[in-house]
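The data block below is upload_20.json; it holds JSON, C-alpha atoms.
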```
[["chain", "number", "residue", "atom", "x", "y", "z"],
["J", 1, "MET", "CA", 16.56, -7.98, -2.67],
["J", 2, "LYS", "CA", 13.17, -8.03, -4.37],
["J", 3, "VAL", "CA", 13.03, -10.04, -7.59],
["J", 4, "LYS", "CA", 12.55, -7.70, -10.57],
["J", 5, "LYS", "CA", 9.75, -8.54, -13.00],
["J", 6, "ILE", "CA", 9.75, -7.94, -16.74],
["J", 7, "ALA", "CA", 6.73, -7.81, -19.07],
["J", 8, "LEU", "CA", 7.65, -8.43, -22.71],
["J", 9, "PHE", "CA", 5.54, -6.86, -25.47],
["J", 10, "ALA", "CA", 5.73, -8.30, -28.99],
["J", 11, "SER", "CA", 3.68, -8.20, -32.18],
["J", 12, "GLY", "CA", 5.37, -10.92, -34.24],
["J", 13, "THR", "CA", 7.55, -14.01, -34.18],
["J", 14, "GLY", "CA", 9.20, -13.25, -30.86],
["J", 15, "THR", "CA", 12.81, -14.25, -31.48],
["J", 16, "ASN", "CA", 13.93, -11.51, -29.09],
["J", 17, "VAL", "CA", 11.25, -12.64, -26.63],
["J", 18, "GLN", "CA", 12.70, -16.15, -26.60],
["J", 19, "ASN", "CA", 16.26, -14.86, -26.32],
["J", 20, "ILE", "CA", 15.33, -12.69, -23.33],
["J", 21, "ILE", "CA", 13.41, -15.52, -21.64],
["J", 22, "GLU", "CA", 16.37, -17.86, -22.08],
["J", 23, "TYR", "CA", 18.84, -15.25, -20.82],
["J", 24, "PHE", "CA", 16.92, -14.74, -17.56],
["J", 25, "SER", "CA", 16.05, -18.40, -17.07],
["J", 26, "GLY", "CA", 17.47, -19.38, -13.70],
["J", 27, "ASN", "CA", 18.30, -15.76, -12.77],
["J", 28, "GLU", "CA", 17.54, -15.16, -9.11],
["J", 29, "GLN", "CA", 17.25, -11.36, -9.44],
["J", 30, "VAL", "CA", 15.15, -11.00, -12.61],
["J", 31, "ILE", "CA", 12.23, -12.96, -14.05],
["J", 32, "VAL", "CA", 10.17, -12.66, -17.22],
["J", 33, "ASP", "CA", 6.71, -12.43, -15.68],
["J", 34, "SER", "CA", 4.56, -12.27, -18.79],
["J", 35, "VAL", "CA", 4.35, -11.78, -22.56],
["J", 36, "TRP", "CA", 1.84, -9.34, -24.07],
["J", 37, "SER", "CA", 0.69, -8.95, -27.66],
["J", 38, "ASN", "CA", -1.68, -6.95, -29.81],
["J", 39, "ASN", "CA", -1.68, -9.86, -32.29],
["J", 40, "PRO", "CA", -3.61, -13.00, -31.28],
["J", 41, "VAL", "CA", -1.59, -15.12, -33.73],
["J", 42, "ALA", "CA", 1.85, -13.72, -32.82],
["J", 43, "PHE", "CA", 4.30, -16.60, -32.47],
["J", 44, "ALA", "CA", 5.75, -14.75, -29.47],
["J", 45, "LEU", "CA", 2.69, -16.02, -27.53],
["J", 46, "GLU", "CA", 3.55, -19.61, -28.44],
["J", 47, "ARG", "CA", 7.13, -19.06, -27.29],
["J", 48, "ALA", "CA", 5.82, -17.81, -23.93],
["J", 49, "LYS", "CA", 3.69, -20.94, -23.51],
["J", 50, "ARG", "CA", 6.71, -23.17, -24.20],
["J", 51, "PHE", "CA", 8.40, -21.61, -21.17],
["J", 52, "ASP", "CA", 5.25, -21.67, -18.99],
["J", 53, "ILE", "CA", 5.07, -17.88, -19.01],
["J", 54, "GLU", "CA", 1.64, -16.31, -18.89],
["J", 55, "ALA", "CA", 0.61, -14.60, -22.13],
["J", 56, "PHE", "CA", -1.96, -11.86, -22.70],
["J", 57, "VAL", "CA", -3.61, -10.52, -25.86],
["J", 58, "PHE", "CA", -5.28, -7.11, -25.97],
["J", 59, "THR", "CA", -7.22, -5.03, -28.46],
["J", 60, "LYS", "CA", -6.36, -1.51, -29.64],
["J", 61, "ASP", "CA", -9.27, -0.16, -27.57],
["J", 62, "GLU", "CA", -8.12, -1.96, -24.40],
["J", 63, "PHE", "CA", -4.60, -0.65, -24.93],
["J", 64, "VAL", "CA", -5.28, 2.95, -25.91],
["J", 65, "THR", "CA", -8.61, 4.07, -24.43],
["J", 66, "THR", "CA", -8.84, 2.06, -21.19],
["J", 67, "ASN", "CA", -6.50, 1.37, -18.28],
["J", 68, "LYS", "CA", -7.02, -2.40, -18.55],
["J", 69, "VAL", "CA", -3.45, -3.21, -19.59],
["J", 70, "ALA", "CA", -1.87, -0.76, -17.14],
["J", 71, "GLU", "CA", -3.99, -2.06, -14.26],
["J", 72, "GLU", "CA", -3.07, -5.68, -14.95],
["J", 73, "LEU", "CA", 0.63, -4.76, -15.17],
["J", 74, "LYS", "CA", 0.36, -2.94, -11.83],
["J", 75, "LYS", "CA", -1.37, -5.95, -10.24],
["J", 76, "ARG", "CA", 1.54, -8.09, -11.41],
["J", 77, "SER", "CA", 4.07, -5.61, -9.90],
["J", 78, "ILE", "CA", 5.95, -5.20, -13.19],
["J", 79, "ASP", "CA", 9.26, -3.34, -12.83],
["J", 80, "LEU", "CA", 10.09, -2.97, -16.53],
["J", 81, "ILE", "CA", 8.21, -3.23, -19.81],
["J", 82, "VAL", "CA", 10.38, -4.38, -22.69],
["J", 83, "LEU", "CA", 9.24, -3.83, -26.27],
["J", 84, "ALA", "CA", 10.67, -6.71, -28.28],
["J", 85, "GLY", "CA", 9.23, -6.17, -31.74],
["J", 86, "PHE", "CA", 6.07, -4.38, -30.60],
["J", 87, "LEU", "CA", 4.67, -2.08, -33.28],
["J", 88, "TRP", "CA", 2.11, 0.19, -31.61],
["J", 89, "LEU", "CA", 2.78, 3.60, -30.11],
["J", 90, "ILE", "CA", 2.70, 3.33, -26.32],
["J", 91, "PRO", "CA", -0.11, 5.28, -24.62],
["J", 92, "VAL", "CA", 0.63, 7.94, -22.02],
["J", 93, "ASN", "CA", -0.93, 5.96, -19.14],
["J", 94, "LEU", "CA", 1.76, 3.29, -19.54],
["J", 95, "ILE", "CA", 4.60, 5.78, -20.07],
["J", 96, "GLN", "CA", 3.65, 7.63, -16.89],
["J", 97, "ASN", "CA", 3.41, 4.48, -14.76],
["J", 98, "PHE", "CA", 6.22, 2.24, -15.98],
["J", 99, "THR", "CA", 9.80, 2.30, -17.17],
["J", 100, "ILE", "CA", 9.72, 1.07, -20.76],
["J", 101, "VAL", "CA", 12.61, 0.18, -23.07],
["J", 102, "ASN", "CA", 12.60, -0.61, -26.76],
["J", 103, "ILE", "CA", 15.08, -2.00, -29.25],
["J", 104, "HIS", "CA", 15.25, -0.48, -32.72],
["J", 105, "PRO", "CA", 17.06, -2.19, -35.64],
["J", 106, "ALA", "CA", 19.06, 0.88, -36.72],
["J", 107, "LEU", "CA", 21.29, 3.57, -35.29],
["J", 108, "LEU", "CA", 18.82, 6.21, -34.16],
["J", 109, "PRO", "CA", 18.10, 8.98, -34.87],
["J", 110, "LYS", "CA", 18.47, 7.60, -38.42],
["J", 111, "TYR", "CA", 15.72, 5.32, -39.75],
["J", 112, "GLY", "CA", 13.30, 5.67, -36.87],
["J", 113, "GLY", "CA", 9.69, 6.74, -36.61],
["J", 114, "ARG", "CA", 6.29, 5.44, -37.60],
["J", 115, "GLY", "CA", 6.42, 2.58, -40.09],
["J", 116, "MET", "CA", 10.17, 2.06, -39.73],
["J", 117, "TYR", "CA", 10.57, -1.48, -38.45],
["J", 118, "GLY", "CA", 12.04, -4.81, -39.50],
["J", 119, "MET", "CA", 12.95, -5.30, -43.14],
["J", 120, "LYS", "CA", 11.71, -1.81, -44.05],
["J", 121, "VAL", "CA", 14.57, -0.38, -42.00],
["J", 122, "HIS", "CA", 17.17, -2.76, -43.42],
["J", 123, "GLN", "CA", 16.09, -2.13, -47.02],
["J", 124, "THR", "CA", 16.26, 1.64, -46.48],
["J", 125, "VAL", "CA", 19.76, 1.28, -45.01],
["J", 126, "VAL", "CA", 20.85, -0.67, -48.13],
["J", 127, "ASP", "CA", 19.08, 1.73, -50.52],
["J", 128, "ASN", "CA", 20.91, 4.66, -48.91],
["J", 129, "ARG", "CA", 24.26, 2.85, -49.24],
["J", 130, "GLU", "CA", 25.05, 3.21, -45.55],
["J", 131, "LYS", "CA", 28.45, 1.94, -44.41],
["J", 132, "GLU", "CA", 27.12, 0.84, -41.00],
["J", 133, "SER", "CA", 23.93, 0.00, -39.19],
["J", 134, "GLY", "CA", 23.20, -1.56, -35.83],
["J", 135, "ILE", "CA", 20.84, -1.46, -32.88],
["J", 136, "THR", "CA", 19.60, 1.22, -30.54],
["J", 137, "ILE", "CA", 18.16, 0.39, -27.13],
["J", 138, "HIS", "CA", 16.26, 3.37, -25.75],
["J", 139, "TYR", "CA", 13.68, 4.46, -23.21],
["J", 140, "VAL", "CA", 10.18, 4.90, -24.60],
["J", 141, "ASN", "CA", 8.39, 8.23, -24.63],
["J", 142, "GLU", "CA", 5.27, 9.52, -26.42],
["J", 143, "LYS", "CA", 6.88, 9.44, -29.88],
["J", 144, "TYR", "CA", 8.20, 6.57, -31.97],
["J", 145, "ASP", "CA", 11.93, 6.01, -31.43],
["J", 146, "GLU", "CA", 12.66, 9.36, -29.78],
["J", 147, "GLY", "CA", 13.29, 8.35, -26.17],
["J", 148, "LYS", "CA", 16.66, 8.74, -24.48],
["J", 149, "ILE", "CA", 19.25, 6.36, -25.92],
["J", 150, "ILE", "CA", 20.64, 3.80, -23.47],
["J", 151, "PHE", "CA", 22.95, 1.82, -25.75],
["J", 152, "GLN", "CA", 24.00, 1.42, -29.38],
["J", 153, "ALA", "CA", 26.05, -1.25, -31.15],
["J", 154, "LYS", "CA", 27.23, -1.07, -34.75],
["J", 155, "CYS", "CA", 27.87, -3.47, -37.58],
["J", 156, "GLU", "CA", 29.59, -2.88, -40.90],
["J", 157, "ILE", "CA", 27.50, -2.87, -44.07],
["J", 158, "LEU", "CA", 29.29, -4.07, -47.18],
["J", 159, "SER", "CA", 28.46, -2.73, -50.64],
["J", 160, "THR", "CA", 27.41, -6.29, -51.57],
["J", 161, "ASP", "CA", 24.99, -6.67, -48.62],
["J", 162, "CYS", "CA", 21.28, -7.00, -49.29],
["J", 163, "ALA", "CA", 18.56, -6.25, -46.71],
["J", 164, "ASN", "CA", 18.63, -9.88, -45.52],
["J", 165, "ASP", "CA", 22.38, -9.65, -44.88],
["J", 166, "VAL", "CA", 21.85, -6.49, -42.83],
["J", 167, "ALA", "CA", 19.00, -8.17, -40.92],
["J", 168, "LEU", "CA", 21.27, -11.09, -39.95],
["J", 169, "LYS", "CA", 23.99, -8.75, -38.69],
["J", 170, "VAL", "CA", 21.50, -6.64, -36.73],
["J", 171, "HIS", "CA", 19.78, -9.70, -35.22],
["J", 172, "GLU", "CA", 23.15, -10.93, -34.00],
["J", 173, "LEU", "CA", 23.64, -7.62, -32.16],
["J", 174, "GLU", "CA", 20.10, -7.78, -30.73],
["J", 175, "TYR", "CA", 20.59, -11.28, -29.34],
["J", 176, "ARG", "CA", 24.00, -10.44, -27.92],
["J", 177, "TYR", "CA", 23.24, -7.12, -26.22],
["J", 178, "PHE", "CA", 19.51, -6.67, -25.56],
["J", 179, "PRO", "CA", 19.15, -9.01, -22.52],
["J", 180, "GLU", "CA", 22.39, -7.72, -21.01],
["J", 181, "ILE", "CA", 21.26, -4.07, -21.27],
["J", 182, "ILE", "CA", 17.81, -4.95, -19.87],
["J", 183, "GLU", "CA", 19.53, -6.49, -16.86],
["J", 184, "LYS", "CA", 21.70, -3.40, -16.35],
["J", 185, "VAL", "CA", 18.66, -1.10, -16.53],
["J", 186, "LEU", "CA", 16.72, -3.25, -14.05],
["J", 187, "LEU", "CA", 19.54, -3.64, -11.57],
["J", 188, "GLY", "CA", 20.66, 0.00, -11.76],
["J", 189, "LYS", "CA", 24.00, -0.74, -13.36],
["J", 190, "ASN", "CA", 23.43, 1.45, -16.38]]
```
Please express the file's structure as structure tokens.
Amino acid sequence: MKVKKIALFASGTGTNVQNIIEYFSGNEQVIVDSVWSNNPVAFALERAKRFDIEAFVFTKDEFVTTNKVAEELKKRSIDLIVLAGFLWLIPVNLIQNFTIVNIHPALLPKYGGRGMYGMKVHQTVVDNREKESGITIHYVNEKYDEGKIIFQAKCEILSTDCANDVALKVHELEYRYFPEIIEKVLLGKN
């Protein structure tokens, strides 16, 4: 069986990037091939280096108006692109050529769309006095957070929870489920 290759895309600190790298470390069927970022100072790039994984930085122009990123991913024979805290809308040339999954820190379709990420989502959940939140892992299409849902996991929100409390609960779900679902998608078990 051919080893499946993942490309991780991240814009920030990369805690999910590290969790995914660690999960697949030593896996004989799946490897994290590379880490990609639109942010030259994203700590996700540093995490990649710590694991001797090649890291790439690209500009908005290279990502949106050229095929540079897509061509490099094709050269590397990438089987799956995983968005792990990546904030840009994915261009059509990538959507048409690759399977792409994303994790969102809420139960879609609630609290998705442009500008809804990280603490903004958690604060909105608290402000709206939601009783639960969670994660949504979904395929990526041409619109923010509207691709077909693969998996959701929920956590209870207490009336005393602040946005940081919600973030901790959601991160716990991300770390527990995201690598496992990625593996199922890649190996056709989903």
Which residues, written as a list in words, have at least one atom at most 12 Å from Ile157 of chain J, with all atoms listed in the file counted and residues fewer than 2 positions away on the same chain left out? Ala106, His122, Gln123, Val125, Val126, Asp127, Asn128, Arg129, Glu130, Lys131, Glu132, Ser133, Gly134, Lys154, Cys155, Ser159, Thr160, Asp161, Cys162, Ala163, Asn164, Asp165, Val166, Ala167, Leu168, Lys169 and Val170 of chain J
Nearest to Leu107 of chain J: which of J:Leu87, J:Ile150, J:Ile53, J:Leu8 is it, counting all atoms listed in the file?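 For Leu107 of chain J, the nearest of the given residues is J:Ile150.
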Considering all atoms listed in the file, state which residue in the set J:Phe51, J:Tyr175, J:Phe58, J:Phe43 is at the smallest distance from Ile21 of chain J. J:Phe51
So which residues fall inside 6 Å of (-3.8, 6.0, -25.9) if we count all atoms listed in the file? Mind giving them as a PDB file with C-alpha atoms, in the frame of the given file?
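What ended up in point_32.pdb:
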```pdb
ATOM      1  CA  VAL J  64      -5.280   2.950 -25.910  1.00  0.00           C
ATOM      2  CA  THR J  65      -8.610   4.070 -24.430  1.00  0.00           C
ATOM      3  CA  PRO J  91      -0.110   5.280 -24.620  1.00  0.00           C
TER       4      PRO J  91
END
```
Near Met1 of chain J, counting all atoms listed in the file, which residues have an atom at most 10 Å away, once you skip same-chain residues fewer than 3 positions from it, shown as a VMD selection string? chain J and resid 4 28 to 29
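Atom to atom, atom CA of Gly85 of chain J and atom CA of Lys2 of chain J stand 27.7 Å apart.
Picture a line from atom CA of Leu186 of chain J to atom CA of Leu83 of chain J; it runs 14.3 Å.
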Within 10 Å of Asp79 of chain J using only C-alpha atoms, minus same-chain residues under 5 positions, as an NGL selection string: :J and (3-7 or 30 or 33 or 73-74 or 97-100 or 186)
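A straight line drawn from atom CA of Leu173 of chain J to atom CA of Ile103 of chain J is 10.6 Å long.
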Using all atoms listed in the file, which protein or nucleic acid residues come within 10 Å of Phe56 of chain J? Drop anything in the same chain fewer than 4 positions from it, and give the result as a PyMOL selection string. chain J and resi 9+34-40+45+48+69+72
Pick out the closest residue to Arg47 of chain J from this set: J:Asn141, J:Asn27, J:Thr59, J:Thr13. Count all atoms listed in the file.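 Going through J:Asn141, J:Asn27, J:Thr59, J:Thr13 one by one, the smallest distance to Arg47 of chain J is for J:Thr13.
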The centre and edge lengths of an axis-aligned box containing all atoms of segment 18-29 of chain J present in the file, extended by 3 Å on each side, are to be given in Å to one decimal, as lines of an AutoDock Vina configuration file.
```
center_x = 15.8
center_y = -15.4
center_z = -17.9
size_x = 12.1
size_y = 14.0
size_z = 23.5
```
Looking at all atoms listed in the file, which of J:Tyr111, J:Tyr177, J:Tyr117, J:Trp88 is the one that sits closest to Glu142 of chain J?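 The closest residue to Glu142 of chain J is J:Trp88.
In this comparison, which uses only C-alpha atoms, the residue of J:Leu187, J:Ala10, J:Ile95, J:Leu108 approaching Val140 of chain J most closely is J:Ile95.
Remark: for Gly118 of chain J, the closest of the candidate residues J:Ile137, J:Gly188, J:His104, J:Lys60 is J:His104 (distances computed over all atoms listed in the file).
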For the point (13.0, -5.4, -22.0) in file coordinates, what residues are within 6 Å, counting all atoms listed in the file? Give the answer as a list of chain:residue names? J:Ile81, J:Val82, J:Leu83, J:Val101, J:Ile182
Can you tell me, as a PyMOL selection string, what residues are no more than 8 Å from Phe151 of chain J when counting all atoms listed in the file, ignoring any on the same chain fewer than 2 positions away? chain J and resi 136-138+149+153+181
